[in-house]
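Engineer: Next comes the structure file upload_27.pdb, holding PDB, C-alpha atoms.
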```pdb
ATOM      1  CA  MET A   1    -125.196 127.273 -90.455
ATOM      2  CA  ALA A   2    -125.655 123.825 -89.030
ATOM      3  CA  THR A   3    -125.203 123.222 -85.368
ATOM      4  CA  ALA A   4    -124.159 119.880 -83.924
ATOM      5  CA  THR A   5    -125.985 118.451 -80.950
ATOM      6  CA  TRP A   6    -124.351 116.146 -78.414
ATOM      7  CA  CYS A   7    -126.383 113.375 -76.843
ATOM      8  CA  ASN A   8    -126.653 113.157 -73.096
ATOM      9  CA  ASP A   9    -125.693 109.459 -73.222
ATOM     10  CA  ARG A  10    -122.642 109.386 -75.442
ATOM     11  CA  ASP A  11    -122.197 105.607 -75.330
ATOM     12  CA  ALA A  12    -125.836 105.030 -76.457
ATOM     13  CA  ALA A  13    -125.437 107.489 -79.284
ATOM     14  CA  LEU A  14    -122.232 105.877 -80.535
ATOM     15  CA  CYS A  15    -123.488 102.298 -80.294
ATOM     16  CA  PRO A  16    -127.308 102.298 -80.382
ATOM     17  CA  GLU A  17    -127.605  98.611 -81.321
ATOM     18  CA  PHE A  18    -125.930  97.571 -78.046
ATOM     19  CA  PHE A  19    -128.104  99.741 -75.834
ATOM     20  CA  GLU A  20    -131.524  99.044 -77.430
ATOM     21  CA  ASN A  21    -132.161  95.911 -75.380
ATOM     22  CA  ALA A  22    -129.846  96.736 -72.504
ATOM     23  CA  GLU A  23    -131.135  96.369 -68.946
ATOM     24  CA  ALA A  24    -129.714  98.155 -65.987
ATOM     25  CA  VAL A  25    -127.998  96.031 -63.371
ATOM     26  CA  GLU A  26    -127.559  97.166 -59.843
ATOM     27  CA  LEU A  27    -124.256  96.252 -58.164
ATOM     28  CA  PRO A  28    -123.757  96.178 -54.413
ATOM     29  CA  GLU A  29    -121.760  98.999 -52.928
ATOM     30  CA  VAL A  30    -118.131  98.103 -52.258
ATOM     31  CA  SER A  31    -117.049  98.505 -48.633
ATOM     32  CA  TRP A  32    -113.532  99.220 -47.316
ATOM     33  CA  ARG A  33    -113.234  95.572 -46.207
ATOM     34  CA  ASP A  34    -113.765  94.433 -49.773
ATOM     35  CA  VAL A  35    -111.138  96.870 -50.975
ATOM     36  CA  GLU A  36    -108.560  95.552 -48.456
ATOM     37  CA  SER A  37    -109.209  91.929 -49.415
ATOM     38  CA  LEU A  38    -108.870  92.732 -53.103
ATOM     39  CA  ALA A  39    -105.649  94.673 -52.445
ATOM     40  CA  GLY A  40    -104.151  91.734 -50.471
ATOM     41  CA  GLU A  41    -104.951  89.289 -53.212
ATOM     42  CA  SER A  42    -103.361  91.531 -55.833
ATOM     43  CA  GLU A  43    -100.182  91.874 -53.755
ATOM     44  CA  GLU A  44     -99.942  88.111 -53.299
ATOM     45  CA  VAL A  45    -100.445  87.541 -56.999
ATOM     46  CA  SER A  46     -97.871  90.195 -57.971
ATOM     47  CA  ALA A  47     -95.328  88.828 -55.488
ATOM     48  CA  GLU A  48     -95.834  85.338 -56.831
ATOM     49  CA  TYR A  49     -95.059  86.489 -60.364
ATOM     50  CA  ALA A  50     -92.329  88.945 -59.358
ATOM     51  CA  ALA A  51     -90.171  86.420 -57.448
ATOM     52  CA  PRO A  52     -90.379  82.997 -59.012
ATOM     53  CA  PRO A  53     -88.980  80.161 -56.898
ATOM     54  CA  ALA A  54     -85.296  79.415 -57.446
ATOM     55  CA  ALA A  55     -84.549  76.309 -59.421
ATOM     56  CA  GLU A  56     -82.897  73.471 -57.515
ATOM     57  CA  GLU A  57     -79.179  72.984 -58.121
ATOM     58  CA  THR A  58     -78.076  70.033 -60.111
ATOM     59  CA  GLU A  59     -75.414  67.680 -58.795
ATOM     60  CA  GLU A  60     -72.856  69.188 -61.167
ATOM     61  CA  GLN A  61     -73.672  72.708 -59.969
ATOM     62  CA  GLN A  62     -73.339  71.612 -56.339
ATOM     63  CA  GLN A  63     -69.933  70.116 -57.059
ATOM     64  CA  GLU A  64     -68.791  73.307 -58.783
ATOM     65  CA  ARG A  65     -70.010  75.441 -55.881
ATOM     66  CA  THR A  66     -68.288  73.175 -53.346
ATOM     67  CA  ALA A  67     -65.035  73.291 -55.308
ATOM     68  CA  ALA A  68     -65.207  77.099 -55.508
ATOM     69  CA  GLU A  69     -65.801  77.377 -51.752
ATOM     70  CA  ARG A  70     -62.894  75.015 -51.047
ATOM     71  CA  GLU A  71     -60.605  77.021 -53.323
ATOM     72  CA  TYR A  72     -61.646  80.226 -51.566
ATOM     73  CA  LEU A  73     -60.834  78.770 -48.131
ATOM     74  CA  VAL A  74     -57.451  77.514 -49.339
ATOM     75  CA  ARG A  75     -56.644  80.926 -50.784
ATOM     76  CA  GLN A  76     -57.621  82.658 -47.548
ATOM     77  CA  GLN A  77     -55.404  80.273 -45.560
ATOM     78  CA  HIS A  78     -52.549  80.991 -47.953
ATOM     79  CA  TYR A  79     -52.975  84.725 -47.396
ATOM     80  CA  ALA A  80     -53.026  84.187 -43.627
ATOM     81  CA  ASP A  81     -49.801  82.160 -43.780
ATOM     82  CA  LEU A  82     -48.196  84.818 -45.951
ATOM     83  CA  ASP A  83     -49.161  87.550 -43.496
ATOM     84  CA  GLU A  84     -47.648  85.515 -40.657
ATOM     85  CA  GLN A  85     -44.393  85.094 -42.573
ATOM     86  CA  LEU A  86     -44.232  88.779 -43.432
ATOM     87  CA  SER A  87     -44.752  89.680 -39.786
ATOM     88  CA  CYS A  88     -41.546  87.784 -38.998
ATOM     89  CA  VAL A  89     -39.476  89.539 -41.647
ATOM     90  CA  CYS A  90     -36.684  91.503 -40.084
ATOM     91  CA  ILE A  91     -36.814  95.198 -40.932
ATOM     92  CA  ASP A  92     -33.898  96.178 -38.701
ATOM     93  CA  GLU A  93     -31.356  98.307 -40.545
ATOM     94  CA  ASN A  94     -28.517  96.554 -38.711
ATOM     95  CA  PRO A  95     -26.579  94.588 -41.384
ATOM     96  CA  PHE A  96     -26.169  91.705 -38.900
ATOM     97  CA  ALA A  97     -29.839  91.549 -37.901
ATOM     98  CA  VAL A  98     -31.369  88.061 -37.738
ATOM     99  CA  SER A  99     -34.944  87.000 -38.519
ATOM    100  CA  PRO A 100     -36.646  83.599 -38.034
ATOM    101  CA  THR A 101     -37.089  83.122 -41.801
ATOM    102  CA  MET A 102     -33.362  83.226 -42.593
ATOM    103  CA  ALA A 103     -31.365  80.149 -43.509
ATOM    104  CA  ARG A 104     -29.349  78.595 -40.690
ATOM    105  CA  GLN A 105     -25.972  79.483 -42.196
ATOM    106  CA  ILE A 106     -26.994  83.143 -42.572
ATOM    107  CA  LYS A 107     -28.201  83.286 -38.978
ATOM    108  CA  ALA A 108     -24.990  81.581 -37.840
ATOM    109  CA  PHE A 109     -22.798  84.085 -39.672
ATOM    110  CA  ARG A 110     -24.655  87.164 -38.449
ATOM    111  CA  SER A 111     -24.932  85.965 -34.853
ATOM    112  CA  VAL A 112     -21.270  84.992 -34.561
ATOM    113  CA  VAL A 113     -19.910  88.038 -36.398
ATOM    114  CA  SER A 114     -22.195  90.403 -34.453
ATOM    115  CA  THR A 115     -20.924  88.897 -31.196
ATOM    116  CA  TYR A 116     -17.347  89.144 -32.431
ATOM    117  CA  CYS A 117     -17.669  92.837 -33.326
ATOM    118  CA  THR A 118     -19.411  93.645 -30.044
ATOM    119  CA  MET A 119     -16.728  91.920 -27.977
ATOM    120  CA  ARG A 120     -13.877  93.574 -29.857
ATOM    121  CA  ASN A 121     -15.427  96.991 -29.255
ATOM    122  CA  GLN A 122     -15.672  96.419 -25.522
ATOM    123  CA  SER A 123     -13.017  97.490 -23.028
ATOM    124  CA  VAL A 124     -10.303  95.302 -21.559
ATOM    125  CA  VAL A 125     -12.055  95.385 -18.196
ATOM    126  CA  GLY A 126     -15.165  93.950 -19.784
ATOM    127  CA  ILE A 127     -13.188  91.173 -21.404
ATOM    128  CA  ALA A 128     -11.616  90.182 -18.096
ATOM    129  CA  ARG A 129     -15.007  90.181 -16.383
ATOM    130  CA  TYR A 130     -16.612  88.110 -19.101
ATOM    131  CA  SER A 131     -13.881  85.465 -19.260
ATOM    132  CA  GLY A 132     -13.783  85.101 -15.506
ATOM    133  CA  GLN A 133     -10.150  86.089 -15.113
ATOM    134  CA  ALA A 134     -11.011  88.933 -12.733
ATOM    135  CA  SER A 135     -13.099  86.763 -10.410
ATOM    136  CA  GLY A 136     -10.845  83.746 -10.524
ATOM    137  CA  THR A 137     -13.706  81.344 -11.367
ATOM    138  CA  LYS A 138     -12.715  80.566 -14.953
ATOM    139  CA  LYS A 139     -12.861  76.913 -15.909
ATOM    140  CA  ALA A 140     -10.000  75.677 -18.059
ATOM    141  CA  HIS A 141     -12.168  73.529 -20.327
ATOM    142  CA  LYS A 142     -14.418  76.426 -21.404
ATOM    143  CA  PRO A 143     -13.300  78.704 -24.263
ATOM    144  CA  ASN A 144     -12.656  82.351 -23.487
ATOM    145  CA  ARG A 145     -12.866  85.379 -25.702
ATOM    146  CA  ASN A 146      -9.417  84.922 -27.180
ATOM    147  CA  ASP A 147     -10.377  81.394 -28.215
ATOM    148  CA  PHE A 148     -13.517  82.788 -29.804
ATOM    149  CA  TYR A 149     -11.575  85.426 -31.743
ATOM    150  CA  CYS A 150      -9.132  82.815 -33.050
ATOM    151  CA  ASP A 151     -11.902  80.435 -34.085
ATOM    152  CA  VAL A 152     -13.757  83.173 -35.971
ATOM    153  CA  GLU A 153     -10.645  84.138 -37.914
ATOM    154  CA  LEU A 154      -9.500  80.569 -38.597
ATOM    155  CA  LYS A 155     -12.896  79.235 -39.686
ATOM    156  CA  ALA A 156     -13.424  82.202 -42.020
ATOM    157  CA  LYS A 157      -9.958  81.897 -43.531
ATOM    158  CA  LYS A 158     -10.460  78.180 -44.145
ATOM    159  CA  ALA A 159     -13.910  78.605 -45.702
ATOM    160  CA  LEU A 160     -13.184  81.524 -48.034
ATOM    161  CA  THR A 161     -11.046  82.080 -51.076
ATOM    162  CA  GLN A 162      -8.179  84.534 -50.810
ATOM    163  CA  ASN A 163     -10.150  87.359 -52.416
ATOM    164  CA  LEU A 164     -13.217  86.839 -50.228
ATOM    165  CA  PHE A 165     -11.123  86.509 -47.085
ATOM    166  CA  SER A 166      -9.388  89.787 -47.859
ATOM    167  CA  VAL A 167     -12.810  91.465 -47.764
ATOM    168  CA  PHE A 168     -13.732  89.653 -44.549
ATOM    169  CA  ASP A 169     -10.396  90.547 -42.954
ATOM    170  CA  LYS A 170     -10.674  94.223 -43.886
ATOM    171  CA  ILE A 171     -14.329  94.821 -43.050
ATOM    172  CA  ILE A 172     -14.944  92.388 -40.167
ATOM    173  CA  LEU A 173     -11.628  91.670 -38.453
ATOM    174  CA  GLN A 174     -10.121  95.132 -38.771
ATOM    175  CA  GLU A 175     -13.084  97.514 -38.937
ATOM    176  CA  TYR A 176     -15.488  95.358 -36.862
ATOM    177  CA  GLY A 177     -18.226  95.434 -39.491
ATOM    178  CA  GLU A 178     -18.738  99.183 -39.664
ATOM    179  CA  ARG A 179     -18.831  99.238 -43.485
ATOM    180  CA  TRP A 180     -20.297  95.770 -44.047
ATOM    181  CA  ALA A 181     -23.450  97.244 -45.625
ATOM    182  CA  ASN A 182     -21.286  98.921 -48.296
ATOM    183  CA  VAL A 183     -19.964  95.584 -49.557
ATOM    184  CA  PRO A 184     -21.720  94.440 -52.783
ATOM    185  CA  ALA A 185     -24.682  92.206 -52.082
ATOM    186  CA  ASN A 186     -23.349  89.224 -54.057
ATOM    187  CA  VAL A 187     -20.039  89.340 -52.151
ATOM    188  CA  ARG A 188     -21.825  89.592 -48.797
ATOM    189  CA  THR A 189     -24.075  86.665 -49.655
ATOM    190  CA  ALA A 190     -21.143  84.456 -50.684
ATOM    191  CA  ILE A 191     -19.231  85.239 -47.500
ATOM    192  CA  GLU A 192     -22.266  84.801 -45.248
ATOM    193  CA  GLU A 193     -23.176  81.408 -46.714
ATOM    194  CA  LYS A 194     -19.650  79.939 -46.694
ATOM    195  CA  VAL A 195     -18.502  81.284 -43.333
ATOM    196  CA  GLY A 196     -21.906  80.738 -41.701
ATOM    197  CA  HIS A 197     -21.821  77.091 -42.758
ATOM    198  CA  ALA A 198     -18.330  76.754 -41.250
ATOM    199  CA  PHE A 199     -19.462  78.384 -37.986
ATOM    200  CA  SER A 200     -22.454  76.063 -37.757
ATOM    201  CA  ARG A 201     -20.364  72.921 -38.359
ATOM    202  CA  ALA A 202     -17.803  74.028 -35.768
ATOM    203  CA  GLY A 203     -20.467  74.388 -33.071
ATOM    204  CA  MET A 204     -20.104  78.148 -32.793
ATOM    205  CA  PHE A 205     -23.801  78.741 -33.345
ATOM    206  CA  PRO A 206     -25.701  79.457 -31.177
ATOM    207  CA  VAL A 207     -22.924  81.512 -29.560
ATOM    208  CA  SER A 208     -24.164  80.766 -26.036
ATOM    209  CA  ARG A 209     -23.574  77.067 -26.629
ATOM    210  CA  TYR A 210     -20.003  77.778 -27.728
ATOM    211  CA  PHE A 211     -19.127  79.404 -24.390
ATOM    212  CA  SER A 212     -20.982  76.814 -22.302
TER     213      SER A 212
END
```
Just give me the structure as structure tokens.

Structural biologist:
Amino acid sequence: MATATWCNDRDAALCPEFFENAEAVELPEVSWRDVESLAGESEEVSAEYAAPPAAEETEEQQQERTAAEREYLVRQQHYADLDEQLSCVCIDENPFAVSPTMARQIKAFRSVVSTYCTMRNQSVVGIARYSGQASGTKKAHKPNRNDFYCDVELKAKKALTQNLFSVFDKIILQEYGERWANVPANVRTAIEEKVGHAFSRAGMFPVSRYFS
């Protein structure tokens, strides 16, 4: 039975031609300072290859980036304006509520009709106090409440068709707007636009100017 022997110097046994004329070379011992310097150099080299410098933008790329930034700013301003408009939207459930974004004729109709309904629901004593009859200081050239009632009815009757005025007469003049929200939206819109325009042309809006 043959037994295999293993050389003490494995490299010399595997490649004898290389080690026949080989001479030993003594290398200096590496200190911790040398290790730190070698480690720093390797980190610098790896960082240099890991993060290559960014290429400079061309003129076309700069123009595209500037246009994109301008579009972003315009869009943000548009959103800010939209938020401001939405903050002014009236969310009052009152059917005669007024908001700054409404058309003038709509605001005129709701302001005048709301004042009309409020006055008609007040007592006789309140009417006398408002018109000045109780204090004796009423000026003849200023309109009183009765004048206001007549103007509301006459302007509405003149501005509306017979069918629309019948709705206005029933809901506003007789019921003082209690069921105005139950009127179909298209009918309400038609009445508000036509009558509101008539109120505005007659100088009844703002209402405070009418009584002054």

Engineer: Any chance you could resolve the PyMOL selection byres ((chain A and resi 196-210) around 12) against this file and give the residues as a ChimeraX atom specification?

Structural biologist: /A:102-116,141-145,147-160,188-195,211-212

Engineer: Could you list, as a list in words, every residue within 10 Å of A:Pro95, counting only C-alpha atoms and ignoring same-chain residues fewer than 6 positions away?

Structural biologist: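 Once the adjacent positions are removed, what remains is Arg110, Ser114, Gly177, Glu178, Arg179, Trp180, Ala181 and Asn182 of chain A.
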
Engineer: Could you check how far atom CA of A:Thr118 sits from atom CA of A:Asp169, in Å to one decimal?

Structural biologist: 16.0 Å
